file model.txt (compact mmCIF, C-alpha atoms)
# COMPACT_ATOMS: atom_id res chain seq x y z
CA MET A 3 14.31 4.29 24.52
CA ASN A 4 11.82 6.75 26.02
CA TRP A 5 13.40 9.56 24.00
CA THR A 6 13.06 7.54 20.79
CA LEU A 7 9.40 6.75 21.49
CA ARG A 8 8.73 10.42 22.19
CA LYS A 9 10.25 11.37 18.83
CA TRP A 10 8.17 8.79 17.01
CA LYS A 11 5.02 9.97 18.77
CA ALA A 12 5.78 13.63 17.99
CA ILE A 13 6.41 12.96 14.30
CA PHE A 14 3.30 10.84 13.96
CA SER A 15 1.22 13.50 15.73
CA ILE A 16 2.55 16.35 13.57
CA TYR A 17 1.83 14.62 10.28
CA PHE A 18 -1.48 13.23 11.54
CA GLN A 19 -2.64 16.76 12.31
CA ASP A 20 -1.38 17.86 8.91
CA GLY A 21 -3.40 15.12 7.24
CA ILE A 22 -6.55 16.04 9.16
CA ALA A 23 -6.11 19.68 8.17
CA TYR A 24 -6.42 18.71 4.49
CA ARG A 25 -9.44 16.40 4.73
CA ALA A 26 -10.89 17.67 1.45
CA SER A 27 -7.83 16.49 -0.43
CA GLY A 28 -8.13 13.09 1.21
CA LEU A 29 -11.80 12.81 0.30
CA ILE A 30 -10.94 13.53 -3.33
CA TRP A 31 -8.54 10.58 -3.35
CA VAL A 32 -11.19 8.42 -1.70
CA THR A 33 -13.69 9.21 -4.45
CA VAL A 34 -11.17 7.92 -6.99
CA ASP A 35 -11.23 4.57 -5.18
CA LEU A 36 -15.01 4.65 -5.16
CA ALA A 37 -15.09 4.52 -8.95
CA THR A 38 -13.36 1.14 -8.79
CA ALA A 39 -15.55 0.01 -5.90
CA VAL A 40 -18.69 0.67 -7.91
CA THR A 41 -17.68 -0.48 -11.38
CA MET A 42 -15.40 -3.53 -10.94
CA PRO A 43 -17.74 -5.60 -8.73
CA LEU A 44 -20.61 -4.97 -11.12
CA VAL A 45 -18.55 -5.91 -14.17
CA TRP A 46 -17.39 -9.23 -12.72
CA ALA A 47 -20.74 -9.92 -11.08
CA THR A 48 -22.42 -9.61 -14.46
CA ALA A 49 -19.83 -11.87 -16.08
CA ALA A 50 -20.29 -14.49 -13.34
CA LYS A 51 -24.06 -14.74 -13.74
CA SER A 52 -23.70 -17.73 -16.02
CA GLY A 53 -21.45 -19.52 -13.51
CA PRO A 54 -18.32 -19.15 -11.40
CA ILE A 55 -15.22 -17.67 -13.07
CA GLY A 56 -11.94 -19.00 -11.78
CA GLY A 57 -13.76 -20.32 -8.73
CA PHE A 58 -15.32 -16.92 -7.96
CA THR A 59 -19.07 -16.51 -7.77
CA THR A 60 -20.86 -13.18 -7.99
CA SER A 61 -20.80 -12.89 -4.19
CA ASP A 62 -17.11 -13.79 -4.09
CA PHE A 63 -16.20 -11.06 -6.57
CA ILE A 64 -18.06 -8.35 -4.68
CA LEU A 65 -16.58 -9.43 -1.34
CA TYR A 66 -13.10 -9.55 -2.86
CA TYR A 67 -13.21 -6.03 -4.32
CA LEU A 68 -14.74 -4.44 -1.24
CA CYS A 69 -12.11 -6.02 1.00
CA MET A 70 -9.32 -5.18 -1.45
CA LEU A 71 -10.26 -1.51 -1.60
CA PHE A 72 -10.63 -1.10 2.15
CA LEU A 73 -7.37 -2.88 2.94
CA GLY A 74 -5.59 -1.04 0.13
CA SER A 75 -6.41 2.29 1.76
CA PHE A 76 -4.09 1.27 4.59
CA VAL A 77 -1.58 -0.93 2.82
CA THR A 78 -0.61 0.98 -0.32
CA SER A 79 1.99 3.74 0.06
CA HIS A 80 2.67 6.54 -2.42
CA ILE A 81 5.16 8.60 -0.42
CA MET A 82 7.83 8.43 -3.17
CA TRP A 83 6.12 11.34 -4.98
CA GLU A 84 6.55 13.73 -2.05
CA LEU A 85 10.10 12.58 -1.35
CA ALA A 86 11.16 12.97 -4.97
CA MET A 87 9.82 16.53 -5.06
CA GLU A 88 11.51 17.43 -1.77
CA ILE A 89 14.82 16.03 -2.98
CA LYS A 90 14.49 17.89 -6.28
CA GLU A 91 13.69 21.20 -4.57
CA GLY A 92 16.38 20.87 -1.91
CA GLN A 93 14.01 20.51 1.05
CA PHE A 94 15.66 17.14 1.63
CA SER A 95 18.62 18.97 3.18
CA THR A 96 16.60 19.90 6.27
CA MET A 97 15.64 16.25 6.78
CA LEU A 98 19.32 15.34 7.02
CA LEU A 99 19.72 17.73 9.94
CA ARG A 100 16.87 16.38 12.03
CA PRO A 101 17.69 14.26 15.12
CA ILE A 102 16.05 11.17 13.66
CA SER A 103 16.91 8.92 10.76
CA PHE A 104 15.41 9.72 7.37
CA TYR A 105 13.83 6.27 7.20
CA GLN A 106 12.15 6.53 10.60
CA LEU A 107 10.89 10.03 9.85
CA ASN A 108 9.18 8.95 6.66
CA PHE A 109 7.86 5.74 8.12
CA PHE A 110 5.81 7.61 10.73
CA ARG A 111 5.00 10.35 8.24
CA ASN A 112 3.55 7.74 5.92
CA LEU A 113 1.88 5.78 8.73
CA SER A 114 -0.05 8.85 9.89
CA TRP A 115 -1.70 9.20 6.48
CA ARG A 116 -2.27 5.45 6.21
CA CYS A 117 -4.30 5.71 9.44
CA ILE A 118 -6.32 8.68 8.20
CA ARG A 119 -7.14 7.20 4.79
CA PRO A 120 -9.18 4.18 6.05
CA ALA A 121 -11.07 6.48 8.43
CA LEU A 122 -12.07 8.70 5.49
CA PHE A 123 -13.02 5.67 3.41
CA ALA A 124 -15.00 3.93 6.19
CA PRO A 125 -18.33 5.84 5.75
CA PHE A 126 -18.30 5.11 2.02
CA PHE A 127 -17.41 1.50 2.73
CA VAL A 128 -20.49 1.16 4.94
CA LEU A 129 -22.63 2.59 2.13
CA LEU A 130 -21.10 0.09 -0.31
CA LEU A 131 -21.85 -2.78 2.08
CA PHE A 132 -25.45 -1.59 2.24
CA ALA A 133 -25.67 -1.24 -1.55
CA TYR A 134 -24.29 -4.75 -2.14
CA ARG A 135 -25.99 -6.36 0.87
CA GLY A 136 -28.05 -8.64 -1.37
CA PHE A 137 -24.89 -10.28 -2.70
CA LEU A 138 -23.17 -10.66 0.68
CA THR A 139 -25.70 -12.73 2.60
CA HIS A 140 -23.34 -15.73 2.79
CA ALA A 141 -20.09 -13.77 2.83
CA GLU A 142 -17.49 -14.94 5.36
CA VAL A 143 -14.25 -13.28 6.41
CA HIS A 144 -11.41 -14.69 8.52
CA LEU A 145 -10.10 -12.19 11.05
CA GLY A 146 -7.52 -14.44 12.69
CA TRP A 147 -4.10 -13.27 13.87
CA GLN A 148 -2.57 -14.44 10.59
CA PHE A 149 -4.64 -11.89 8.70
CA TRP A 150 -3.57 -8.99 10.94
CA ILE A 151 0.10 -9.90 10.66
CA SER A 152 -0.18 -10.26 6.90
CA LEU A 153 -1.91 -6.86 6.72
CA VAL A 154 0.94 -5.15 8.58
CA LEU A 155 3.54 -7.01 6.52
CA GLY A 156 1.71 -5.99 3.34
CA HIS A 157 1.98 -2.36 4.36
CA LEU A 158 5.69 -2.78 5.10
CA VAL A 159 6.27 -4.40 1.70
CA SER A 160 4.60 -1.44 0.00
CA PHE A 161 6.43 1.14 2.12
CA THR A 162 9.90 -0.36 1.75
CA PHE A 163 9.39 -0.78 -2.00
CA VAL A 164 8.36 2.84 -2.61
CA MET A 165 11.15 4.06 -0.32
CA MET A 166 13.55 2.09 -2.48
CA MET A 167 12.11 3.80 -5.55
CA ALA A 168 12.31 7.22 -3.88
CA MET A 169 16.07 6.80 -3.49
CA LEU A 170 16.36 7.01 -7.29
CA ALA A 171 15.60 10.73 -6.95
CA LEU A 172 19.07 11.13 -5.44
CA PHE A 173 20.61 10.08 -8.75
CA THR A 174 18.42 11.91 -11.26
CA GLN A 175 16.17 14.97 -11.19
CA GLU A 176 13.34 13.41 -13.19
CA VAL A 177 11.95 10.21 -11.71
CA THR A 178 8.20 10.75 -12.22
CA SER A 179 8.22 8.64 -15.39
CA ILE A 180 9.73 5.76 -13.44
CA PHE A 181 7.07 6.15 -10.78
CA GLU A 182 4.34 6.11 -13.45
CA LEU A 183 5.72 2.84 -14.81
CA TYR A 184 5.53 1.36 -11.31
CA TYR A 185 1.73 1.51 -11.36
CA ILE A 186 1.44 -0.78 -14.40
CA PRO A 187 2.79 -3.96 -12.78
CA MET A 188 1.43 -2.88 -9.40
CA LEU A 189 -2.17 -2.78 -10.66
CA PHE A 190 -1.93 -6.04 -12.60
CA LEU A 191 0.13 -8.11 -10.16
CA SER A 192 -1.18 -6.85 -6.81
CA GLY A 193 -4.69 -8.14 -7.41
CA GLN A 194 -6.27 -4.70 -7.56
CA LEU A 195 -7.68 -5.18 -11.06
CA PHE A 196 -8.54 -8.87 -10.72
CA PRO A 197 -7.73 -11.73 -8.32
CA ILE A 198 -4.33 -13.27 -9.07
CA SER A 199 -5.83 -16.75 -8.69
CA MET A 200 -7.90 -16.11 -11.84
CA LEU A 201 -4.76 -16.11 -13.96
CA PRO A 202 -3.50 -19.32 -15.59
CA GLN A 203 -1.51 -21.36 -13.10
CA TRP A 204 1.86 -20.47 -14.62
CA ALA A 205 0.99 -16.76 -14.70
CA ALA A 206 -0.24 -16.81 -11.09
CA LYS A 207 3.03 -18.42 -9.99
CA ALA A 208 5.02 -15.86 -11.98
CA ALA A 209 3.05 -13.00 -10.40
CA LYS A 210 4.05 -14.24 -6.95
CA LEU A 211 7.73 -13.90 -7.84
CA PHE A 212 7.29 -10.12 -7.55
CA PRO A 213 6.51 -8.07 -4.44
CA PHE A 214 3.27 -6.53 -5.70
CA TYR A 215 0.99 -9.46 -4.78
CA PHE A 216 2.36 -9.40 -1.24
CA THR A 217 1.10 -5.87 -0.64
CA THR A 218 -2.70 -5.98 -1.02
CA GLY A 219 -3.37 -9.30 -2.72
CA ALA A 220 -2.04 -11.56 0.03
CA PRO A 221 -3.90 -10.08 3.04
CA THR A 222 -7.10 -9.80 0.99
CA GLU A 223 -7.05 -13.46 -0.01
CA ILE A 224 -6.26 -14.50 3.55
CA LEU A 225 -9.18 -12.40 4.79
CA ILE A 226 -11.70 -13.99 2.44
CA GLY A 227 -10.32 -17.51 2.90
CA ARG A 228 -8.70 -17.94 -0.51
CA VAL A 229 -5.36 -18.59 1.17
CA SER A 230 -5.46 -20.95 4.14
CA GLY A 231 -3.49 -23.57 6.03
CA ASP A 232 0.25 -23.78 5.49
CA ALA A 233 -0.05 -21.47 2.48
CA ILE A 234 -0.68 -18.58 4.88
CA TYR A 235 2.70 -19.05 6.55
CA SER A 236 4.60 -19.36 3.29
CA THR A 237 2.86 -16.21 2.08
CA MET A 238 3.84 -14.30 5.22
CA GLY A 239 7.36 -15.65 4.83
CA MET A 240 7.57 -14.19 1.34
CA GLN A 241 6.31 -10.87 2.66
CA VAL A 242 9.17 -10.82 5.18
CA VAL A 243 11.66 -11.71 2.44
CA TRP A 244 10.51 -8.83 0.23
CA ILE A 245 10.61 -6.38 3.14
CA ALA A 246 14.22 -7.36 3.80
CA ILE A 247 15.19 -7.14 0.11
CA CYS A 248 13.59 -3.74 -0.44
CA TYR A 249 15.02 -2.33 2.77
CA CYS A 250 18.56 -3.53 2.02
CA VAL A 251 18.46 -2.21 -1.54
CA SER A 252 17.11 1.15 -0.36
CA ARG A 253 19.95 1.45 2.16
CA VAL A 254 22.52 0.76 -0.55
CA LEU A 255 20.91 3.36 -2.83
CA TRP A 256 20.79 5.78 0.10
CA ALA A 257 24.49 5.43 0.82
CA LYS A 258 25.48 5.86 -2.82
CA GLY A 259 22.83 8.49 -3.58
CA LEU A 260 23.99 10.86 -0.86
CA LYS A 261 27.26 11.21 -2.75
CA HIS A 262 25.35 12.47 -5.80
CA TYR A 263 22.97 14.79 -3.96
CA THR A 264 23.86 18.46 -4.37
CA GLY A 265 21.06 20.12 -2.40
CA VAL A 266 20.87 23.16 -4.71
CA GLY A 267 17.12 22.94 -5.27
CA MET A 268 15.33 24.29 -8.31
call {"tool": "encode", "arguments": {"input": "model.txt", "output": "structure tokens"}}
result
Amino acid sequence: MNWTLRKWKAIFSIYFQDGIAYRASGLIWVTVDLATAVTMPLVWATAAKSGPIGGFTTSDFILYYLCMLFLGSFVTSHIMWELAMEIKEGQFSTMLLRPISFYQLNFFRNLSWRCIRPALFAPFFVLLLFAYRGFLTHAEVHLGWQFWISLVLGHLVSFTFVMMMAMLALFTQEVTSIFELYYIPMLFLSGQLFPISMLPQWAAKAAKLFPFYFTTGAPTEILIGRVSGDAIYSTMGMQVVWIAICYCVSRVLWAKGLKHYTGVGM
């Protein structure tokens, strides 16, 4: 067990140092998020001046988007792009020779960056809180243990899903188009563009049949009190279900994909 923990610590440390070395690249990605943080709250705040929309007031919209963006910097994983390129170029072969499973390696590799990203975003988040302070005078967040568990589960849903997608690179050389398509339902059904609860009731229920809401949408709505009571536990239960589904499917694709992998590179 000690040996395993040492390997996990070493991998996390290596990739954490790698992420810190390229801070400029990380800041560029953060500025992309800032565009959403500045524009979307203002758009919905303006629309809500005449009255609440879907139960959201101006203050509610601003709180929702600020929380969504900050939590998303930790929750949302994009590691499938790097893995697909490494598989395509043959670098994947070296990963197979390492004394740690491929899944564990990439979990801690991804986790290191997920820890760096919120730290880079935090100063901008403070500035946004200051800029929107007039709208957040009555804002209330719920930092109970349910929120923290849902946050971790949301990250695991995102990670296992993109790992499942990354396994497709073992079957075909060109998977970037598939990855691009992933962002369409992810943006609409995760709550990043608008709160899922604003959809018609049937559409909101349909959206929760997919894993996207259970990445960023669920912990955000728990944090701001939009999901409470028994609904919190059913939401966390669905997060666990999707983690199990995505993990099992990725393992099946892994086993079958290794038989197709040639390792010749480009």
call {"tool": "closest_atom_pairs", "arguments": {"input": "model.txt", "of": "region 175-225 of chain A", "to": "region 66-71 of chain A", "cutoff": "8 Å", "atoms": "all atoms listed in the file", "output": "Markdown table"}}
result
| residue | atom | partner | partner_atom | distance |
| --- | --- | --- | --- | --- |
| A:Gln194 | CA | A:Met70 | CA | 6.8 |
| A:Pro197 | CA | A:Tyr66 | CA | 8.0 |
| A:Thr218 | CA | A:Met70 | CA | 6.7 |
| A:Gly219 | CA | A:Met70 | CA | 7.3 |
| A:Thr222 | CA | A:Met70 | CA | 5.7 |
| A:Glu223 | CA | A:Tyr66 | CA | 7.7 |
| A:Leu225 | CA | A:Cys69 | CA | 8.0 |
call {"tool": "residues_near_point", "arguments": {"input": "model.txt", "point": "(0.7, -11.8, -1.5)", "cutoff": "8 Å", "atoms": "only C-alpha atoms", "output": "count of residues only"}}
result
16
call {"tool": "closest_residue", "arguments": {"input": "model.txt", "among": "A:Ala86, A:Ala49, A:Val77, A:Leu36", "to": "Phe126 (chain A)", "atoms": "all atoms listed in the file"}}
result
A:Leu36
call {"tool": "closest_residue", "arguments": {"input": "model.txt", "among": "A:Thr162, A:Ser230, A:Thr6, A:Ser79", "to": "Ile102 (chain A)", "atoms": "all atoms listed in the file"}}
result
A:Thr6
call {"tool": "closest_residue", "arguments": {"input": "model.txt", "among": "A:Leu195, A:Leu73, A:Leu189, A:Phe137", "to": "Trp150 (chain A)", "atoms": "only C-alpha atoms"}}
result
A:Leu73
call {"tool": "atom_distance", "arguments": {"input": "model.txt", "atom1": "CA of Val154 (chain A)", "atom2": "CA of Phe72 (chain A)"}}
result
13.8 Å
call {"tool": "residues_around", "arguments": {"input": "model.txt", "residues": "Leu65 (chain A)", "least_positions_apart": "6", "cutoff": "9 Å", "atoms": "only C-alpha atoms", "output": "PyMOL selection string"}}
result
chain A and resi 43+137-138+141-143+226
call {"tool": "atom_distance", "arguments": {"input": "model.txt", "atom1": "CA of Ile16 (chain A)", "atom2": "CA of Ala124 (chain A)"}}
result
22.7 Å
call {"tool": "residues_around", "arguments": {"input": "model.txt", "residues": "Thr78 (chain A)", "least_positions_apart": "4", "cutoff": "7 Å", "atoms": "all atoms listed in the file", "output": "PDB file with C-alpha atoms, in the coordinates of the input"}}
result
ATOM      1  CA  GLY A  74      -5.590  -1.040   0.130  1.00  0.00           C
ATOM      2  CA  HIS A 157       1.980  -2.360   4.360  1.00  0.00           C
ATOM      3  CA  SER A 160       4.600  -1.440   0.000  1.00  0.00           C
TER       4      SER A 160
END
call {"tool": "closest_residue", "arguments": {"input": "model.txt", "among": "A:Leu129, A:Ala37, A:Ala171, A:Ala208", "to": "Trp256 (chain A)", "atoms": "all atoms listed in the file"}}
result
A:Ala171
call {"tool": "atom_distance", "arguments": {"input": "model.txt", "atom1": "CA of Ile64 (chain A)", "atom2": "CA of Arg228 (chain A)"}}
result
14.0 Å
call {"tool": "closest_residue", "arguments": {"input": "model.txt", "among": "A:Leu145, A:Asn112, A:Ala168, A:Ala205", "to": "Tyr184 (chain A)", "atoms": "all atoms listed in the file"}}
result
A:Ala168
call {"tool": "closest_residue", "arguments": {"input": "model.txt", "among": "A:Val40, A:Phe94, A:Phe14, A:Ala246", "to": "Leu130 (chain A)", "atoms": "all atoms listed in the file"}}
result
A:Val40
call {"tool": "axis_aligned_box", "arguments": {"input": "model.txt", "around": "region 197-209 of chain A", "padding_each_side": "5 Å", "output": "JSON"}}
result
{"center_x": -1.4, "center_y": -16.5, "center_z": -12.0, "size_x": 22.9, "size_y": 19.6, "size_z": 17.3}
